[in-house]
Every structure is written in structure tokens, then in C-alpha cells.
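Here is upload-v1.txt, consisting of compact mmCIF, C-alpha atoms:
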```txt
# COMPACT_ATOMS: atom_id res chain seq x y z
CA MET I 171 0.00 0.00 0.00
CA THR I 172 1.34 3.44 -0.92
CA LYS I 173 1.78 6.16 1.64
CA ARG I 174 -1.17 8.03 0.21
CA GLY I 175 -3.31 4.90 0.31
CA THR I 176 -2.30 4.27 3.89
CA ARG I 177 -3.29 7.78 4.92
CA ALA I 178 -6.63 7.49 3.14
CA PHE I 179 -7.32 4.14 4.84
CA PHE I 180 -6.45 5.64 8.23
CA VAL I 181 -8.69 8.70 7.75
CA ALA I 182 -11.59 6.66 6.37
CA SER I 183 -11.34 4.06 9.17
CA THR I 184 -11.18 6.72 11.85
CA LEU I 185 -14.19 8.54 10.44
CA LEU I 186 -16.16 5.33 10.07
CA SER I 187 -15.29 4.25 13.62
CA ALA I 188 -16.33 7.63 14.97
CA LEU I 189 -19.58 7.45 13.01
CA VAL I 190 -20.39 3.99 14.35
CA PHE I 191 -19.54 5.10 17.89
CA VAL I 192 -21.80 8.17 17.69
CA ALA I 193 -24.63 6.17 16.08
CA LEU I 194 -24.48 3.44 18.75
CA THR I 195 -24.38 6.06 21.52
CA ILE I 196 -27.49 7.77 20.14
CA ASP I 197 -29.18 4.40 19.71
CA SER I 198 -28.39 3.44 23.33
CA HIS I 199 -29.85 6.68 24.62
CA ARG I 200 -32.97 6.21 22.51
CA LYS I 201 -33.50 2.76 24.06
CA ILE I 202 -33.09 3.87 27.68
CA PRO I 203 -36.75 4.91 28.27
CA GLY I 204 -37.97 1.53 26.98
CA LEU I 205 -35.40 -0.48 28.91
CA THR I 206 -36.05 1.37 32.16
CA ASN I 207 -39.82 1.12 31.82
CA ALA I 208 -39.88 4.90 32.21
CA ALA I 209 -43.48 5.26 31.03
CA ALA I 210 -44.66 3.40 34.13
CA ILE I 211 -43.08 5.82 36.59
CA ASP I 212 -45.98 7.58 38.27
CA ALA I 213 -46.52 9.28 41.65
CA SER I 214 -47.07 5.93 43.35
CA VAL I 215 -43.77 4.53 42.08
CA ILE I 216 -41.94 7.65 43.24
CA ALA I 217 -43.64 7.45 46.66
CA GLY I 218 -42.62 3.79 46.86
CA LYS I 219 -39.02 4.68 46.07
CA ASN I 220 -39.13 7.17 48.95
CA VAL I 221 -40.47 4.44 51.25
CA TRP I 222 -37.64 2.18 50.08
CA HIS I 223 -35.03 4.83 50.95
CA ARG I 224 -36.69 5.99 54.18
CA ASN I 225 -36.58 2.47 55.56
CA ASN I 226 -33.05 1.73 54.33
CA CYS I 227 -34.22 -1.43 52.58
CA ILE I 228 -31.01 -1.43 50.54
CA ASN I 229 -28.98 -1.92 53.71
CA CYS I 230 -30.03 -5.58 53.55
CA HIS I 231 -31.51 -6.17 50.08
CA THR I 232 -30.26 -5.63 46.54
CA LEU I 233 -32.06 -4.12 43.56
CA LEU I 234 -30.56 -4.62 40.10
CA GLY I 235 -27.54 -6.14 41.81
CA GLU I 236 -26.88 -3.02 43.92
CA GLY I 237 -27.13 -2.98 47.69
CA ALA I 238 -26.21 -5.20 50.60
CA TYR I 239 -26.02 -8.95 50.16
CA TYR I 240 -27.60 -9.86 53.47
CA ALA I 241 -31.17 -10.46 52.33
CA PRO I 242 -32.68 -11.63 49.01
CA ASP I 243 -32.41 -9.63 45.80
CA LEU I 244 -35.75 -7.93 45.18
CA THR I 245 -35.38 -7.03 41.49
CA GLN I 246 -37.99 -9.58 40.43
CA ILE I 247 -39.84 -9.95 43.72
CA ALA I 248 -43.08 -8.40 42.43
CA THR I 249 -43.36 -10.98 39.64
CA GLN I 250 -42.06 -13.81 41.82
CA ARG I 251 -44.45 -13.29 44.71
CA GLY I 252 -47.26 -11.07 43.47
CA SER I 253 -48.79 -8.07 45.20
CA ALA I 254 -51.14 -10.03 47.47
CA TYR I 255 -48.25 -11.89 49.06
CA LEU I 256 -46.09 -8.76 49.35
CA ARG I 257 -48.90 -6.83 51.00
CA GLU I 258 -49.37 -9.47 53.69
CA PHE I 259 -45.62 -9.92 54.12
CA LEU I 260 -44.90 -6.21 54.51
CA LYS I 261 -47.67 -5.82 57.08
CA ASP I 262 -46.01 -8.29 59.41
CA PRO I 263 -43.00 -10.26 58.11
CA SER I 264 -42.64 -12.13 61.39
CA ARG I 265 -45.73 -14.20 60.51
CA PHE I 266 -43.83 -15.67 57.58
CA TYR I 267 -40.62 -16.67 59.35
CA SER I 268 -39.54 -18.43 62.45
CA GLU I 269 -36.45 -16.89 64.00
CA GLU I 270 -35.42 -20.24 65.46
CA ARG I 271 -35.81 -22.03 62.15
CA ASP I 272 -34.64 -19.38 59.67
CA ARG I 273 -32.03 -17.68 61.88
CA ARG I 274 -32.78 -14.27 60.43
CA LEU I 275 -35.84 -12.13 60.45
CA MET I 276 -36.95 -9.10 58.54
CA PRO I 277 -37.98 -6.37 60.98
CA THR I 278 -41.58 -5.30 61.14
CA LEU I 279 -41.33 -1.83 59.69
CA GLY I 280 -44.76 -0.59 60.72
CA LEU I 281 -45.60 0.56 57.21
CA SER I 282 -48.97 2.14 56.56
CA ASP I 283 -51.28 0.70 53.91
CA ALA I 284 -50.41 3.65 51.65
CA ASP I 285 -46.68 3.02 52.13
CA ILE I 286 -47.14 -0.67 51.33
CA THR I 287 -49.17 0.12 48.20
CA ALA I 288 -46.51 2.58 47.05
CA LEU I 289 -43.66 0.18 47.81
CA ILE I 290 -45.37 -2.59 45.86
CA ALA I 291 -45.84 -0.16 42.95
CA PHE I 292 -42.14 0.69 43.10
CA LEU I 293 -41.10 -2.97 43.20
CA GLY I 294 -43.55 -3.68 40.38
CA TRP I 295 -41.88 -1.00 38.27
CA VAL I 296 -38.42 -2.36 39.10
CA SER I 297 -39.47 -5.87 38.12
CA LYS I 298 -40.38 -4.65 34.62
CA ILE I 299 -37.03 -2.98 33.96
CA ASP I 300 -35.26 -4.80 31.15
CA THR I 301 -32.03 -5.72 32.92
CA GLN I 302 -31.00 -8.06 30.10
CA GLY I 303 -30.41 -10.83 32.56
CA TRP I 304 -28.69 -8.81 35.26
CA PRO I 305 -27.92 -9.76 37.98
CA PRO I 306 -26.74 -13.09 36.53
CA ARG I 307 -26.94 -14.87 39.88
CA PRO I 308 -29.48 -13.08 42.04
CA ILE I 309 -29.90 -14.07 45.66
CA LEU I 310 -33.08 -16.06 45.44
CA VAL I 311 -36.06 -15.60 47.67
CA LYS I 312 -37.17 -18.29 50.06
CA GLY I 313 -38.80 -21.20 48.31
CA SER I 314 -37.00 -20.73 45.01
CA ALA I 315 -34.81 -23.78 45.36
CA VAL I 316 -37.12 -26.14 47.16
CA PRO I 317 -38.72 -29.14 45.48
CA GLY I 318 -42.06 -28.53 43.83
CA ALA I 319 -41.85 -24.75 44.08
CA ASN I 320 -41.71 -22.41 41.13
CA VAL I 321 -40.55 -19.08 42.47
CA GLY I 322 -39.15 -16.81 39.83
CA GLY I 323 -39.48 -19.28 37.01
CA PRO I 324 -40.89 -18.14 33.70
CA ALA I 325 -44.63 -18.54 33.25
CA ALA I 326 -45.15 -21.64 31.16
CA SER I 327 -47.41 -21.67 28.13
CA PRO I 328 -50.26 -24.17 28.14
CA ALA I 329 -49.51 -27.22 26.01
CA SER I 330 -53.21 -27.70 25.27
CA SER I 331 -56.63 -26.28 26.11
CA ASP I 332 -57.29 -29.09 28.57
CA PRO I 333 -58.66 -27.53 31.82
CA ILE I 334 -56.09 -29.42 33.90
CA GLU I 335 -53.24 -28.08 31.76
CA LEU I 336 -54.69 -24.56 31.92
CA GLY I 337 -54.97 -24.97 35.67
CA ARG I 338 -51.33 -26.06 35.90
CA VAL I 339 -50.24 -22.97 33.99
CA ALA I 340 -52.44 -20.69 36.11
CA PHE I 341 -51.07 -22.30 39.29
CA ASN I 342 -47.50 -21.55 38.18
CA SER I 343 -48.19 -18.02 36.91
CA THR I 344 -48.05 -14.71 38.75
CA PRO I 345 -50.72 -13.59 39.41
CA PRO I 346 -52.21 -15.53 41.13
CA GLY I 347 -48.81 -16.80 42.27
CA CYS I 348 -50.02 -20.02 43.94
CA SER I 349 -46.65 -21.73 43.44
CA ALA I 350 -44.83 -18.91 45.22
CA CYS I 351 -46.25 -20.16 48.52
CA HIS I 352 -47.30 -23.77 47.85
CA SER I 353 -45.03 -26.61 46.82
CA ILE I 354 -46.44 -29.64 45.04
CA ALA I 355 -43.72 -31.90 46.45
CA PRO I 356 -44.62 -34.14 49.41
CA GLY I 357 -43.77 -32.72 52.83
CA VAL I 358 -42.40 -29.41 51.53
CA ASN I 359 -44.07 -26.45 53.23
CA ILE I 360 -42.93 -23.03 52.06
CA VAL I 361 -45.26 -20.30 53.27
CA GLY I 362 -48.41 -22.32 52.73
CA PRO I 363 -48.71 -26.07 53.15
CA THR I 364 -47.70 -28.50 50.43
CA LEU I 365 -50.46 -29.37 47.97
CA SER I 366 -49.11 -32.81 47.23
CA GLY I 367 -51.97 -35.28 47.46
CA ILE I 368 -54.40 -32.46 48.20
CA ALA I 369 -57.36 -34.41 46.72
CA ALA I 370 -57.00 -37.20 49.27
CA THR I 371 -56.24 -34.75 52.07
CA ALA I 372 -59.26 -32.62 51.19
CA SER I 373 -61.71 -35.50 51.01
CA GLY I 374 -60.53 -36.72 54.40
CA ARG I 375 -60.76 -33.25 55.87
CA VAL I 376 -64.39 -32.59 54.89
CA ARG I 377 -65.33 -35.75 56.78
CA GLU I 378 -63.55 -34.67 59.96
CA GLY I 379 -65.67 -33.51 62.84
CA ALA I 380 -63.45 -30.44 63.34
CA TYR I 381 -64.20 -29.20 59.83
CA HIS I 382 -66.56 -26.23 59.93
CA GLY I 383 -66.65 -25.12 56.29
CA GLN I 384 -69.37 -25.61 53.70
CA ALA I 385 -67.66 -28.03 51.31
CA LYS I 386 -69.00 -31.53 50.75
CA ASP I 387 -66.17 -33.03 48.72
CA ALA I 388 -62.52 -32.56 47.79
CA ALA I 389 -63.22 -30.23 44.86
CA GLY I 390 -65.49 -28.12 47.02
CA TYR I 391 -62.88 -27.97 49.79
CA ILE I 392 -60.16 -26.78 47.41
CA ARG I 393 -62.50 -24.24 45.84
CA GLU I 394 -63.48 -22.99 49.28
CA SER I 395 -59.81 -22.73 50.32
CA ILE I 396 -59.08 -20.57 47.27
CA LEU I 397 -62.10 -18.29 47.50
CA ASP I 398 -62.53 -18.15 51.27
CA PRO I 399 -59.24 -19.15 52.93
CA ASN I 400 -60.55 -18.40 56.42
CA ALA I 401 -63.52 -20.77 56.13
CA HIS I 402 -61.45 -23.50 57.77
CA VAL I 403 -58.00 -22.61 59.08
CA LEU I 404 -55.57 -25.27 60.19
CA ALA I 405 -53.06 -24.67 62.95
CA GLY I 406 -49.59 -24.29 61.47
CA PRO I 407 -46.23 -22.71 62.22
CA THR I 408 -46.52 -19.85 59.77
CA PHE I 409 -49.50 -20.11 57.51
CA SER I 410 -52.24 -19.68 60.06
CA ALA I 411 -50.76 -17.25 62.55
CA GLY I 412 -53.32 -15.47 64.68
CA GLY I 413 -56.09 -17.81 63.57
CA ARG I 414 -56.23 -16.11 60.17
CA SER I 415 -54.98 -17.57 56.93
CA LEU I 416 -52.14 -15.71 55.28
CA MET I 417 -53.57 -16.63 51.91
CA PRO I 418 -54.98 -13.61 50.06
CA SER I 419 -58.76 -13.53 50.40
CA ASP I 420 -59.50 -11.66 47.18
CA TYR I 421 -59.11 -14.47 44.66
CA GLY I 422 -62.89 -14.37 44.22
CA GLN I 423 -62.42 -10.95 42.63
CA THR I 424 -59.04 -11.36 40.92
CA LEU I 425 -59.57 -14.80 39.37
CA LYS I 426 -62.20 -15.61 36.77
CA PRO I 427 -64.60 -18.45 37.71
CA GLU I 428 -63.19 -20.63 34.93
CA GLN I 429 -59.66 -20.04 36.24
CA VAL I 430 -60.73 -21.26 39.67
CA ASP I 431 -62.30 -24.33 38.03
CA GLN I 432 -59.07 -25.01 36.13
CA ILE I 433 -56.87 -24.64 39.21
CA VAL I 434 -59.17 -26.94 41.19
CA ALA I 435 -59.08 -29.49 38.35
CA TYR I 436 -55.28 -29.35 38.33
CA LEU I 437 -54.91 -29.62 42.10
CA LEU I 438 -57.18 -32.67 42.16
CA THR I 439 -54.64 -34.48 39.96
CA LEU I 440 -51.70 -33.95 42.34
CA LYS I 441 -50.49 -37.17 43.91
CA MET H 225 7.04 1.47 9.88
CA THR H 226 4.59 4.36 10.13
CA SER H 227 2.52 3.08 7.22
CA ALA H 228 2.28 -0.45 8.61
CA LEU H 229 1.38 0.84 12.03
CA LEU H 230 -1.29 3.16 10.63
CA VAL H 231 -2.87 0.31 8.66
CA LEU H 232 -2.84 -2.06 11.63
CA LEU H 233 -4.29 0.47 14.06
CA SER H 234 -6.92 1.58 11.56
CA LEU H 235 -7.87 -2.03 10.94
CA ALA H 236 -8.18 -2.65 14.68
CA ALA H 237 -10.35 0.41 15.24
CA LEU H 238 -12.52 -0.39 12.24
CA SER H 239 -12.95 -4.01 13.30
CA VAL H 240 -13.96 -3.05 16.83
CA SER H 241 -16.48 -0.49 15.59
CA VAL H 242 -18.09 -2.88 13.14
CA ALA H 243 -18.04 -5.62 15.82
CA LEU H 244 -20.03 -3.34 18.13
CA LEU H 245 -22.43 -2.61 15.30
CA SER H 246 -22.80 -6.33 14.58
CA ALA H 247 -23.50 -7.06 18.23
CA ALA H 248 -26.18 -4.37 18.24
CA LEU H 249 -27.70 -5.97 15.15
CA ASP H 250 -27.75 -9.42 16.82
CA LEU H 251 -24.97 -10.89 14.71
CA PRO H 252 -22.81 -12.48 17.43
CA LEU H 253 -20.67 -14.65 15.14
CA LEU H 254 -19.64 -11.73 12.95
CA ALA H 255 -18.97 -9.67 16.07
CA ASP H 256 -16.72 -12.40 17.49
CA VAL H 257 -14.76 -12.72 14.25
CA LEU H 258 -14.26 -8.93 14.01
CA VAL H 259 -13.16 -8.70 17.62
CA ALA H 260 -10.63 -11.46 16.97
CA ILE H 261 -9.34 -9.53 13.92
CA ALA H 262 -9.08 -6.39 16.05
CA ALA H 263 -7.15 -8.25 18.74
CA VAL H 264 -4.71 -9.74 16.21
CA SER H 265 -4.26 -6.31 14.58
CA GLY H 266 -3.56 -4.74 17.96
CA VAL H 267 -0.98 -7.37 18.86
CA ALA H 268 0.59 -7.05 15.39
CA ALA H 269 0.83 -3.27 15.86
CA PHE H 270 2.58 -3.83 19.18
CA VAL H 271 5.02 -6.35 17.69
CA THR H 272 5.69 -4.08 14.69
CA THR H 273 6.50 -1.16 16.98
CA ALA H 274 8.75 -3.33 19.17
CA VAL H 275 10.65 -4.77 16.19
CA PHE H 276 11.21 -1.38 14.59
CA THR H 277 12.26 0.15 17.93
CA VAL H 278 14.84 -2.59 18.54
CA ARG H 279 16.15 -2.33 14.98
CA ARG H 280 16.48 1.44 15.24
CA ALA H 281 18.21 1.16 18.61
CA ARG H 282 20.73 -1.32 17.17
CA ALA H 283 21.32 0.90 14.13
CA SER H 284 21.89 3.94 16.37
CA GLY H 285 24.32 1.91 18.52
CA ARG H 286 26.36 0.94 15.45
CA ALA H 287 26.42 4.54 14.24
CA VAL H 288 27.95 5.97 17.45
CA ARG H 289 30.48 3.12 17.94
CA PRO H 290 34.09 4.25 17.10
```

Turn this file's structure into C-alpha cells for me.
Amino acid sequence: MTKRGTRAFFVASTLLSALVFVALTIDSHRKIPGLTNAAAIDASVIAGKNVWHRNNCINCHTLLGEGAYYAPDLTQIATQRGSAYLREFLKDPSRFYSEERDRRLMPTLGLSDADITALIAFLGWVSKIDTQGWPPRPILVKGSAVPGANVGGPAASPASSDPIELGRVAFNSTPPGCSACHSIAPGVNIVGPTLSGIAATASGRVREGAYHGQAKDAAGYIRESILDPNAHVLAGPTFSAGGRSLMPSDYGQTLKPEQVDQIVAYLLTLK
Amino acid sequence: MTSALLVLLSLAALSVSVALLSAALDLPLLADVLVAIAAVSGVAAFVTTAVFTVRRARASGRAVRP
């Protein structure tokens, strides 16, 4: 290559590199609002961020990989657990944990209902930020690595229109987030009791003298437990503290009747 | 030496830029190949500079020797 050719190649390459650099920079900035879910930032999200800072949540938790590594990463917590769970948890976390068993306990922050609503809105916004897979190894929330649980997993698509299959997908989706609290593996209690063999358990329970609900059979018992969790509360270490079920009681409003039917159909198949 | 160095450095810069563009366009294989070309060009530029520097140093040494 001649000296003149070399110089021309150098100038052209430099200009082209600079052009590509500027174009990619502009493109990155154009994508930021979409990636950060900026359109969803409203007054509630901002109020929730203030609650987050006021209570120093980041001193224990991480968001987007930033923060202290003492407690679980909360980047995806809103999609992993759902708002109903978070609302109950934030009201009184001590009902969900045993200090003797878990060795650590989130403090009860005494948040107002408005603070909790705002914080859930903030966490909901964070969960929809496109982090492109970051953090690569988040600290998982309780129940994410136990058998039969599906915390944080992607929502599966139904393989068919069979009600049982649709029920399985609904059970593992958030909302309603059933699998965030209930395992389907035998003997594995997360927040709620295991649902392994729930058909047999339910039909035995409706025949017990202590049962004071309205159900007559297993399907009715499961339906009643979904729509009216306090109809018959069992004593348990965490899931019935204070004689009230921790299960959200608004599934009658948030789930369609056919969804309840499908979930019941699915749960009846669990061995 | 200057011409070779200019070509190598230009090639490295160009390869990196187009590799970034390829990655942005979801062409990972092309991006990997271009990054490899850029790395080889960079190393070649370093070696070229080192060789010419050593040669020039030797030539200067011979020139001042009585």
C-alpha cells in the first residue's frame, strides 16, 4: 500500500469508527426509556421509592444487583411473589418466618397501607425494567430452590386447552402466584402447606368432625380454600398465625370463575 | 514502519467499531470474528513497533560506535 493509500485508509477508518460510535451512543440513549420502563413511573412509584429509601431497605436487600447482600435480591420480587403476598408480608413479616428455624428475620417496619401500596408499585416497576439478565446470579427468595416450588421461574405456556393443563399454567403463573407459597412436592411447606396429594387430604378433611366449612367433597374444599381461605384454618407454624390464613382472600375478585375451576381441576390431579 | 502501524491500528479500530455494530444488530458470530481480527491487529501493531524500535536502537548503537 502506498503512503497516500495508507493515509486514506487511516482517515476513512477513523471517520467510520467515529460514526459507528456516535450512532451506537445515540441508539443506546434512545432505548433507555424503553429499557427502564420509564413510562410506568408515576406518583405511586416515586412514593414507593421514597419508602424504600426511608426504611433503608437497601442496607439488607439488593435491587438490580446493587445494595447489601444480606437479604434476598428484590429485582424480580413483584413478579415472583405477586402483590397479594407482598402486601401481607410487609404488614407483618414475622408471621412468615420463624427466627429459630430461619435464623434471620426481617424487621416489622410498621408501614402504613399507603406506604405498602406505594412500595409494591415501586417494586412492580423495578421488576419490569429490562435488565437483560442482570444480575446473573441473584440471591433467590425463600422457596426458590425447594422441590415442587416455582418461584421466579418463567410462566409456562399451556400445552393444550385441557382444563387441567390450563390450571397447571395458572397455578404456576403470577398472578395468582399459587406456586410462590405452595409446593407440590410431598412434605415441603414453604409459606403455605404442600399441595401434594391435596385431593386425598381434602376428602378426608371434609369428613372430619373439626371441619366447619361448607364443602361436601374434595373439589369443594379446594374451591373454598381458594375463595374463602378463612372458612377452615388449620393450625400451622406460619400459615395460620393469629387464627387467620395468610392466603390472600381476594381471589374471588381477581380470578375468573373458569380459572378457579381449572386450578381446582389441576390440584385434584396432584399425587 | 509508520505506514504499517497506521494500517494495523486503523484495521483494529474499524474491526472493533463494526463488531459493536454487529452485536447491536444481533450478529454475534460476525462480532466475534471482528473482535478477533481487532485483537490480532492490535498485537501485530505492538510487535511491529517493538521490532522497529529494537532495529532502530541497534542501528543507532552501530552509528555511534568508534

Original post:
Given the choices I:Tyr381, I:Trp295, I:Phe179, I:Phe191, which gets closest to Ala248 of chain H if the distance is worked out from only C-alpha atoms?
Top reply: I:Phe191

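Distances here use all atoms listed in the file; by that measure, the residue among H:Ala269, H:Ala262, H:Ala237, H:Leu229 closest to chain I is H:Ala237.
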
Original post:
Which residues of chain H are close to chain I, meaning at most 9 Å apart when you count all atoms listed in the file, and how do they look as an NGL selection string?
Top reply: :H and (227-228 or 230-231 or 233-235 or 237-242 or 244-245 or 248)

Original post:
I:Gln302, I:Ser214, I:Thr249, I:Ser331: which is nearest Thr287 of chain I, counting only C-alpha atoms?
Top reply: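 Between I:Gln302, I:Ser214, I:Thr249, I:Ser331, the residue approaching Thr287 of chain I most closely is I:Ser214.
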
**OP:** Could you check which of I:Pro345, I:Gly337, I:Gly252, I:Gly294 is closest to Leu233 of chain I, using all atoms listed in the file?
**Re:**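 Among the listed residues, I:Gly294 lies closest to Leu233 of chain I.
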
Original post:
With all atoms listed in the file as the basis for distance, which of H:Leu249, H:Val275, H:Ala243, H:Ala287 is at the shortest distance from Ala263 of chain H?
Top reply: H:Ala243
